[in-house]
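Engineer: You'll find run_9.txt just under this line, and it carries compact mmCIF, C-alpha atoms and all ligand atoms.
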```txt
# COMPACT_ATOMS: atom_id res chain seq x y z
CA MET A 1 91.64 73.71 77.77
CA ALA A 2 90.10 73.89 81.21
CA GLU A 3 91.31 76.75 83.40
CA TYR A 4 92.61 75.56 86.72
CA GLN A 5 94.52 78.56 87.95
CA ARG A 6 93.78 80.99 90.75
CA LYS A 7 92.81 84.12 88.82
CA TYR A 8 95.54 86.24 90.43
CA THR A 9 98.28 84.05 89.00
CA ASP A 10 97.37 85.57 85.61
CA LEU A 11 98.94 88.78 86.86
CA LEU A 12 102.25 87.18 87.71
CA THR A 13 105.22 86.41 85.52
CA GLU A 14 107.63 83.66 86.42
CA TYR A 15 110.86 85.06 87.79
CA ILE A 16 113.60 83.88 85.50
CA PRO A 17 116.96 84.25 87.21
CA GLY A 18 119.97 85.02 85.01
CA LYS A 19 122.06 82.20 83.57
CA SER A 20 123.84 80.06 86.12
CA ILE A 21 127.62 80.06 86.35
CA GLU A 22 127.63 76.54 84.89
CA GLU A 23 125.51 77.58 81.87
CA VAL A 24 127.71 80.59 81.13
CA LYS A 25 130.85 78.44 81.32
CA LYS A 26 129.36 76.00 78.86
CA ASP A 27 127.83 78.53 76.46
CA TYR A 28 130.97 80.68 76.17
CA HIS A 29 133.60 77.98 76.67
CA LEU A 30 134.99 79.59 79.80
CA ASP A 31 136.96 78.01 82.64
CA GLU A 32 136.01 80.65 85.15
CA VAL A 33 132.92 82.79 85.65
CA ILE A 34 132.68 85.53 88.27
CA ARG A 35 129.20 86.36 89.52
CA LEU A 36 128.76 89.95 90.68
CA ALA A 37 125.02 89.88 90.04
CA SER A 38 123.29 88.60 93.17
CA ASN A 39 124.80 90.55 96.09
CA GLU A 40 126.39 87.46 97.61
CA ASN A 41 129.26 87.46 100.11
CA PRO A 42 132.53 86.81 98.21
CA LEU A 43 134.23 85.54 101.41
CA GLY A 44 131.74 82.70 101.66
CA PRO A 45 130.13 81.63 104.94
CA SER A 46 131.90 81.70 108.29
CA PRO A 47 134.30 78.70 108.58
CA LYS A 48 132.52 77.91 111.87
CA ALA A 49 129.19 77.78 110.04
CA ILE A 50 130.68 75.44 107.45
CA GLU A 51 131.90 73.10 110.20
CA ALA A 52 128.53 73.13 111.92
CA MET A 53 126.69 72.51 108.66
CA ILE A 54 128.88 69.52 107.79
CA GLU A 55 127.84 67.98 111.11
CA ALA A 56 124.18 68.90 110.53
CA VAL A 57 124.16 67.18 107.13
CA LYS A 58 124.66 63.85 108.90
CA GLU A 59 121.23 64.25 110.45
CA VAL A 60 119.15 65.29 107.50
CA ASN A 61 117.15 62.08 107.79
CA LEU A 62 115.48 63.87 110.70
CA TYR A 63 112.97 66.68 110.22
CA PRO A 64 114.27 70.04 111.39
CA GLU A 65 113.27 71.54 114.71
CA ALA A 66 110.23 73.37 113.36
CA THR A 67 110.36 76.66 115.27
CA CYS A 68 114.14 77.25 114.97
CA GLU A 69 114.08 77.71 118.72
CA GLU A 70 117.84 77.89 119.21
CA LEU A 71 118.31 80.47 116.48
CA VAL A 72 115.33 82.53 117.63
CA THR A 73 116.63 82.52 121.23
CA GLU A 74 120.09 83.61 120.08
CA LEU A 75 118.64 86.35 117.86
CA ALA A 76 116.45 87.60 120.71
CA GLN A 77 119.54 87.90 122.93
CA TYR A 78 121.50 89.58 120.17
CA TYR A 79 118.84 92.28 119.71
CA GLY A 80 117.66 92.49 123.31
CA ILE A 81 114.09 91.50 122.40
CA LYS A 82 111.80 88.58 123.25
CA PRO A 83 111.86 85.29 121.27
CA GLU A 84 108.13 85.67 120.59
CA GLU A 85 108.93 88.82 118.62
CA ILE A 86 110.77 86.82 115.92
CA VAL A 87 109.66 84.40 113.21
CA THR A 88 112.02 82.65 110.80
CA GLY A 89 111.44 81.78 107.16
CA ASN A 90 113.00 80.27 104.06
CA GLY A 91 114.82 83.52 103.27
CA ALA A 92 113.36 87.02 103.51
CA ASP A 93 111.72 86.35 100.16
CA ASN A 94 109.58 83.65 101.75
CA LEU A 95 108.69 86.02 104.61
CA ILE A 96 107.44 88.59 102.07
CA ASN A 97 105.02 85.94 100.81
CA GLN A 98 104.07 85.11 104.40
CA LEU A 99 103.26 88.79 104.92
CA GLY A 100 100.93 88.67 101.95
CA GLN A 101 99.22 85.51 103.16
CA ALA A 102 98.85 86.79 106.69
CA PHE A 103 97.70 90.35 106.02
CA ILE A 104 96.61 91.16 102.45
CA ASN A 105 92.93 90.82 101.57
CA GLU A 106 91.53 91.20 98.06
CA GLY A 107 91.49 94.87 97.09
CA ASP A 108 93.97 95.98 99.77
CA GLU A 109 96.49 98.53 98.60
CA VAL A 110 100.20 98.06 99.15
CA ILE A 111 102.46 101.06 98.62
CA TYR A 112 106.18 101.20 97.88
CA CYS A 113 108.67 103.07 95.72
CA THR A 114 110.23 101.77 92.51
CA PRO A 115 112.75 100.59 91.51
CA THR A 116 112.90 98.26 94.47
CA PHE A 117 112.83 94.57 95.38
CA ALA A 118 110.41 92.79 93.03
CA ALA A 119 108.80 90.46 95.60
CA TYR A 120 106.66 93.26 97.13
CA ARG A 121 104.74 93.44 93.89
CA SER A 122 104.34 89.71 93.28
CA SER A 123 103.30 88.94 96.86
CA THR A 124 100.65 91.70 96.69
CA LEU A 125 99.29 90.60 93.31
CA LEU A 126 99.13 86.96 94.35
CA MET A 127 96.81 87.80 97.22
CA GLY A 128 94.52 89.98 95.07
CA GLY A 129 95.98 93.17 96.49
CA LYS A 130 96.74 96.30 94.49
CA PRO A 131 100.33 97.51 94.23
CA VAL A 132 100.59 101.31 94.40
CA GLU A 133 103.99 102.27 93.04
CA ILE A 134 105.64 105.67 93.16
CA PRO A 135 109.10 106.61 91.92
CA LEU A 136 112.11 107.12 94.16
CA LEU A 137 113.19 110.71 94.73
CA ASP A 138 116.06 112.29 92.80
CA GLY A 139 119.17 110.61 94.12
CA PHE A 140 117.23 107.32 94.21
CA VAL A 141 116.13 107.63 97.84
CA TYR A 142 112.79 106.28 99.08
CA ASP A 143 110.14 109.01 98.86
CA LEU A 144 108.56 108.80 102.31
CA ASP A 145 106.44 111.94 101.85
CA GLY A 146 105.20 110.55 98.55
CA LEU A 147 104.23 107.27 100.25
CA LEU A 148 102.20 109.20 102.83
CA THR A 149 100.22 110.99 100.10
CA GLN A 150 99.14 107.61 98.67
CA ILE A 151 97.55 106.31 101.88
CA THR A 152 93.80 105.71 101.51
CA ASP A 153 91.26 103.77 103.58
CA LYS A 154 92.22 100.73 101.46
CA THR A 155 95.93 100.85 102.34
CA LYS A 156 97.06 97.74 104.20
CA MET A 157 100.81 97.85 103.92
CA ILE A 158 103.78 100.04 103.03
CA PHE A 159 107.14 98.56 102.12
CA VAL A 160 110.28 100.58 102.80
CA CYS A 161 113.46 98.95 101.52
CA ASN A 162 116.31 100.49 103.49
CA PRO A 163 118.98 100.46 102.14
CA ASN A 164 117.19 100.06 98.85
CA ASN A 165 117.88 97.39 96.25
CA PRO A 166 118.95 98.07 93.43
CA THR A 167 120.09 101.61 94.28
CA GLY A 168 122.00 101.02 97.54
CA THR A 169 120.59 104.24 99.02
CA LEU A 170 119.90 104.80 102.72
CA LEU A 171 117.33 107.06 104.36
CA GLU A 172 118.75 109.90 106.40
CA GLU A 173 118.91 109.21 110.15
CA GLY A 174 115.75 110.48 111.84
CA ARG A 175 113.69 110.44 108.64
CA LEU A 176 112.06 107.08 109.30
CA GLN A 177 110.97 108.07 112.79
CA THR A 178 109.05 111.11 111.48
CA PHE A 179 107.48 108.93 108.80
CA LEU A 180 106.36 106.24 111.25
CA ASP A 181 104.70 108.92 113.38
CA GLN A 182 102.62 110.01 110.40
CA VAL A 183 101.41 106.58 109.23
CA PRO A 184 98.00 105.61 110.66
CA GLU A 185 98.18 102.64 113.02
CA GLN A 186 95.96 100.42 110.84
CA VAL A 187 98.62 100.47 108.10
CA LEU A 188 101.49 97.99 108.42
CA ILE A 189 104.98 99.27 107.67
CA ILE A 190 107.45 96.67 106.49
CA LEU A 191 111.05 97.74 106.88
CA ASP A 192 113.08 95.47 104.61
CA GLU A 193 116.59 95.63 106.06
CA ALA A 194 118.26 92.88 104.02
CA TYR A 195 121.39 95.06 103.68
CA ILE A 196 121.28 97.16 106.85
CA GLU A 197 124.32 95.45 108.41
CA PHE A 198 126.53 97.00 105.72
CA ILE A 199 125.77 100.60 106.69
CA GLN A 200 128.60 102.44 108.40
CA GLU A 201 126.75 105.30 110.05
CA GLU A 202 127.75 105.33 113.70
CA HIS A 203 124.38 106.19 115.15
CA TYR A 204 121.58 104.93 112.98
CA THR A 205 118.19 103.90 114.27
CA THR A 206 117.21 100.62 112.63
CA GLY A 207 113.88 98.82 112.51
CA VAL A 208 114.62 96.77 115.60
CA ASP A 209 114.70 99.98 117.65
CA PHE A 210 111.22 100.88 116.36
CA ILE A 211 109.31 97.72 117.09
CA LYS A 212 108.98 98.45 120.81
CA THR A 213 107.10 101.69 120.11
CA TYR A 214 105.23 100.92 116.90
CA PRO A 215 102.75 98.01 116.92
CA ASN A 216 102.45 98.25 113.11
CA VAL A 217 106.13 97.85 112.17
CA ILE A 218 107.60 94.59 110.86
CA VAL A 219 111.33 94.31 110.16
CA LEU A 220 112.80 91.83 107.68
CA ARG A 221 116.37 90.56 107.91
CA THR A 222 118.32 87.82 106.18
CA PHE A 223 121.34 85.55 106.53
CA SER A 224 121.88 85.73 102.74
CA LYS A 225 123.99 88.87 102.52
CA LEU A 226 126.34 89.75 105.38
CA TYR A 227 126.45 86.17 106.62
CA GLY A 228 127.21 84.63 103.23
CA LEU A 229 124.44 82.03 103.51
CA ALA A 230 122.30 82.86 100.46
CA GLY A 231 122.19 79.20 99.45
CA ASN A 232 120.90 78.25 102.89
CA ARG A 233 117.72 80.35 102.65
CA VAL A 234 117.27 81.69 106.18
CA GLY A 235 115.58 84.97 106.99
CA TYR A 236 113.54 86.34 109.89
CA ALA A 237 110.94 88.94 110.73
CA ILE A 238 110.85 91.01 113.92
CA ALA A 239 107.69 92.68 115.24
CA GLN A 240 105.43 92.81 118.27
CA LYS A 241 103.95 89.45 119.23
CA PRO A 242 100.42 89.82 117.75
CA LEU A 243 101.85 90.38 114.25
CA ILE A 244 104.40 87.58 114.62
CA ASP A 245 101.63 85.22 115.79
CA ARG A 246 99.67 85.97 112.59
CA MET A 247 102.71 85.23 110.47
CA LYS A 248 103.28 81.97 112.34
CA LYS A 249 99.77 80.84 111.38
CA VAL A 250 100.66 80.87 107.68
CA ARG A 251 104.29 79.80 108.08
CA GLU A 252 105.24 76.49 106.46
CA VAL A 253 106.06 74.24 109.40
CA PHE A 254 109.53 73.23 108.25
CA SER A 255 110.33 76.32 106.21
CA VAL A 256 113.87 76.48 107.59
CA ASN A 257 115.74 73.25 106.98
CA ARG A 258 118.06 71.53 109.46
CA VAL A 259 121.32 72.60 107.77
CA GLY A 260 120.06 76.13 107.25
CA HIS A 261 119.13 76.50 110.92
CA ILE A 262 122.45 75.19 112.24
CA GLY A 263 124.47 77.22 109.73
CA ALA A 264 122.68 80.46 110.61
CA LEU A 265 123.14 79.83 114.32
CA ALA A 266 126.89 79.30 113.97
CA ALA A 267 127.22 82.29 111.63
CA LEU A 268 125.43 84.55 114.09
CA LYS A 269 127.98 83.66 116.76
CA ASP A 270 130.96 84.44 114.50
CA GLN A 271 131.46 88.16 115.00
CA ALA A 272 134.98 88.05 113.52
CA HIS A 273 133.72 86.82 110.14
CA ARG A 274 131.07 89.52 110.08
CA ASP A 275 133.62 92.22 110.87
CA LYS A 276 135.94 90.93 108.16
CA THR A 277 133.10 90.92 105.62
CA ILE A 278 132.19 94.52 106.40
CA GLU A 279 135.78 95.70 106.31
CA LYS A 280 136.57 94.01 102.99
CA ASN A 281 133.26 95.13 101.49
CA SER A 282 133.86 98.77 102.30
CA ALA A 283 137.48 98.73 101.04
CA GLU A 284 136.51 97.02 97.78
CA ARG A 285 133.43 99.19 97.33
CA LYS A 286 135.61 102.30 97.63
CA ARG A 287 137.96 100.86 95.03
CA LEU A 288 135.17 100.12 92.55
CA VAL A 289 133.53 103.51 93.11
CA GLU A 290 136.86 105.25 92.41
CA PHE A 291 137.30 103.18 89.28
CA PHE A 292 133.85 104.03 87.92
CA GLU A 293 134.24 107.70 88.76
CA GLU A 294 137.62 107.89 87.05
CA GLN A 295 135.90 106.51 83.95
CA GLY A 296 133.37 109.36 84.13
CA PHE A 297 130.36 107.25 85.16
CA ASP A 298 127.79 108.34 87.75
CA VAL A 299 127.84 106.20 90.88
CA THR A 300 125.00 106.40 93.39
CA PRO A 301 126.50 106.46 96.91
CA SER A 302 126.03 102.92 98.22
CA HIS A 303 125.43 101.69 101.77
CA THR A 304 125.37 98.04 100.73
CA ASN A 305 127.42 95.27 99.11
CA PHE A 306 126.56 96.44 95.58
CA ILE A 307 126.72 99.62 93.54
CA PHE A 308 124.29 101.21 91.11
CA VAL A 309 126.11 102.90 88.25
CA ASP A 310 124.99 104.88 85.24
CA VAL A 311 127.36 103.71 82.51
CA LYS A 312 125.73 106.06 79.99
CA MET A 313 125.41 103.32 77.38
CA ASP A 314 123.11 100.37 76.81
CA ALA A 315 123.27 98.35 80.04
CA VAL A 316 122.14 95.13 78.35
CA GLU A 317 124.96 95.40 75.82
CA VAL A 318 127.47 95.91 78.63
CA PHE A 319 125.98 92.95 80.51
CA GLN A 320 126.07 90.70 77.43
CA LYS A 321 129.65 91.55 76.51
CA LEU A 322 130.83 91.12 80.08
CA MET A 323 129.09 87.75 80.27
CA GLU A 324 130.98 86.62 77.18
CA LYS A 325 134.15 87.47 79.12
CA GLY A 326 133.05 85.51 82.16
CA VAL A 327 131.70 88.27 84.41
CA LEU A 328 128.04 88.42 85.43
CA ILE A 329 126.50 91.70 86.54
CA ARG A 330 122.88 92.92 86.60
CA PRO A 331 121.63 95.34 83.90
CA CYS A 332 118.90 97.51 85.45
CA SER A 333 116.72 97.75 82.33
CA GLY A 334 114.18 95.42 83.95
CA TRP A 335 113.63 98.22 86.48
CA GLY A 336 113.35 100.79 83.67
CA TYR A 337 116.93 102.07 83.95
CA ASN A 338 118.39 101.32 80.55
CA THR A 339 121.87 102.72 81.15
CA HIS A 340 122.31 101.60 84.77
CA ILE A 341 124.04 98.45 85.96
CA ARG A 342 124.16 96.93 89.44
CA VAL A 343 127.49 95.41 90.39
CA SER A 344 127.93 93.35 93.55
CA ILE A 345 131.18 93.93 95.42
CA GLY A 346 133.39 90.90 94.85
CA SER A 347 136.65 89.79 96.43
CA HIS A 348 139.81 91.77 95.63
CA GLY A 349 140.76 89.31 92.90
CA GLU A 350 137.27 89.22 91.39
CA ASN A 351 137.09 93.00 91.32
CA THR A 352 140.48 93.22 89.62
CA LYS A 353 139.24 90.90 86.89
CA PHE A 354 135.98 92.86 86.68
CA ILE A 355 137.89 96.15 86.24
CA ASP A 356 140.09 94.67 83.50
CA ARG A 357 137.26 93.09 81.53
CA PHE A 358 134.83 95.95 82.02
CA SER A 359 137.47 98.39 80.69
CA ILE A 360 137.89 96.27 77.54
CA VAL A 361 134.13 95.97 77.04
CA ILE A 362 133.56 99.69 77.43
CA ALA A 363 136.41 100.53 75.03
CA ASN A 364 134.95 98.10 72.46
CA ILE A 365 131.45 99.53 72.72
CA LYS A 366 132.77 103.10 72.43
CA GLN A 367 134.76 102.13 69.35
CA LEU A 368 131.72 100.57 67.67
CA ASN A 369 129.53 103.63 68.24
C1 LIG B 1 115.88 94.01 99.53
C2 LIG B 1 115.84 92.54 99.59
N1 LIG B 1 114.96 91.95 100.40
C3 LIG B 1 114.89 90.62 100.50
C4 LIG B 1 115.72 89.81 99.78
C5 LIG B 1 115.56 88.33 99.89
O1 LIG B 1 116.61 87.76 100.56
P1 LIG B 1 116.63 86.22 100.89
O2 LIG B 1 117.83 85.67 100.22
O3 LIG B 1 116.72 86.17 102.39
O4 LIG B 1 115.36 85.62 100.39
C6 LIG B 1 116.66 90.37 98.91
C7 LIG B 1 117.54 89.51 98.11
O5 LIG B 1 118.26 89.90 97.26
C8 LIG B 1 116.73 91.78 98.81
O6 LIG B 1 117.57 92.37 97.98
```
Can you turn what I pasted into structure tokens?
Structural biologist:
Amino acid sequence: MAEYQRKYTDLLTEYIPGKSIEEVKKDYHLDEVIRLASNENPLGPSPKAIEAMIEAVKEVNLYPEATCEELVTELAQYYGIKPEEIVTGNGADNLINQLGQAFINEGDEVIYCTPTFAAYRSSTLLMGGKPVEIPLLDGFVYDLDGLLTQITDKTKMIFVCNPNNPTGTLLEEGRLQTFLDQVPEQVLIILDEAYIEFIQEEHYTTGVDFIKTYPNVIVLRTFSKLYGLAGNRVGYAIAQKPLIDRMKKVREVFSVNRVGHIGALAALKDQAHRDKTIEKNSAERKRLVEFFEEQGFDVTPSHTNFIFVDVKMDAVEVFQKLMEKGVLIRPCSGWGYNTHIRVSIGSHGENTKFIDRFSIVIANIKQLN
């Protein structure tokens, strides 16, 4: 058969998401399935965003406003930066691809730690770049010194996922600043802050504070996590104008749809819903951490809406047995951690059901072994 593909697609594997809630219900004859696998907001979107989106749906015969001007203006005010320092995309995932298209040439090296978010690797490979992967430090924290040692004259980009997915770990305050000072200016530093709004440190310097000083820093943020709009697919990048202009050149014109734009705008204005999400997340996270620790499992301190736990038994078996009981979590074997699971923080009721069913599953597995 003729070969039509771009050669770099040979290096990629299709991302197969886990079974959908509907599939699991059907396969295991369940009435209810709880998904604690994708770090979604169990409260749902802001009621104000829902209202605004219902109105926006009535106009989906019209193309969206291509630049998301209203949202960008509101975000610029929120952060005290200029609108030209922001570009929106179809989720942060889409912006990671935009970064590849805008900046990675064949043979460029892209450095990051693993385990981390998988899109850094695929976006690099797709553009003919070379992923340079180093392990996280003990305690699953990003190894910034290790990243520095990997910089060569071929390095184009460094990804720092902070807090990191799947480990939930946060870099110590001040650590990033020292790192940024040591990275040569020709290397781009991408600070993926998909979960940064969940951190509870009182004084923590985030990527937005760095962009004024560092012309090579790009920050990624999303409406999928704190704002409960994962299904809407809205993310944005923040950087100095020359980098944003490059990203705009490769941006799909209508990458953010009409409903997505309006929903994100309304969600951004609803501070009360954000506060409630953070408060509930931290109370429920504490509860789950205490539960796991009482059971004798190792929990990595989390600064996010999920926790990374060493259950000291086969994570895939735990995942499978939980799925049969209507609870979806993420086994971390795909990242090379065969006894770790990642559990998203659900609502109080969901977590109660998780605790009950997980306890049964663990007892069963222990009995069998
Ligand atoms: C670290 C990290 N970055 C980016 C994303 C992508 O988010 P989005 O839903 O905006 O595409 C995720 C999603 O899980 C993530 O965990």
Engineer: Using only C-alpha atoms and all ligand atoms, find the one residue out of A:Ala76, A:Ala237, A:Met127, A:Leu136 that sits nearest to ligand LIG 1 (chain B).
Structural biologist: A:Ala237
Engineer: When the cut-off is 8 Å and you count all atoms listed in the file, which residues lie near ligand LIG 1 (chain B), shown as a PyMOL selection string?
Structural biologist: chain A and resi 38-39+90-96+116-117+119+161-166+192-195+220-225+230-231+233-235
Engineer: Ranking A:Thr339, A:Tyr120, A:Lys353, A:Thr114 by minimum distance to Val318 (chain A) and counting only C-alpha atoms, which one comes first?
Structural biologist: A:Thr339
Engineer: Against region 238-256 of chain A, which residues of region 115-197 of chain A fall within 10 Å? For each one I want the closest pair of atoms and the distance in Å (one decimal), counting all atoms listed in the file, rows by chain and increasing residue number, as CSV.
Structural biologist:
```
residue,atom,partner,partner_atom,distance
A:Leu188,CA,A:Leu243,CA,9.6
A:Ile190,CA,A:Ala239,CA,9.6
A:Leu191,CA,A:Ile238,CA,9.7
```
Engineer: How many Å lie between CA of Glu69 (chain A) and CA of Pro83 (chain A), rounded to one decimal?
Structural biologist: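 Between CA of Glu69 (chain A) and CA of Pro83 (chain A) the gap works out to 8.3 Å.
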Engineer: So the first atom is CA of Lys286 (chain A) and the second is CA of Met313 (chain A); what is the distance between them in Å, to one decimal place?
Structural biologist: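 Distance reported for this atom pair: 22.7 Å.
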Engineer: Have a look at A:Leu137, A:Ile50, A:Leu268, A:Ile151 and name the one nearest to Thr73 (chain A); count all atoms listed in the file.
Structural biologist: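 Closest residue, counting all atoms listed in the file: A:Leu268.
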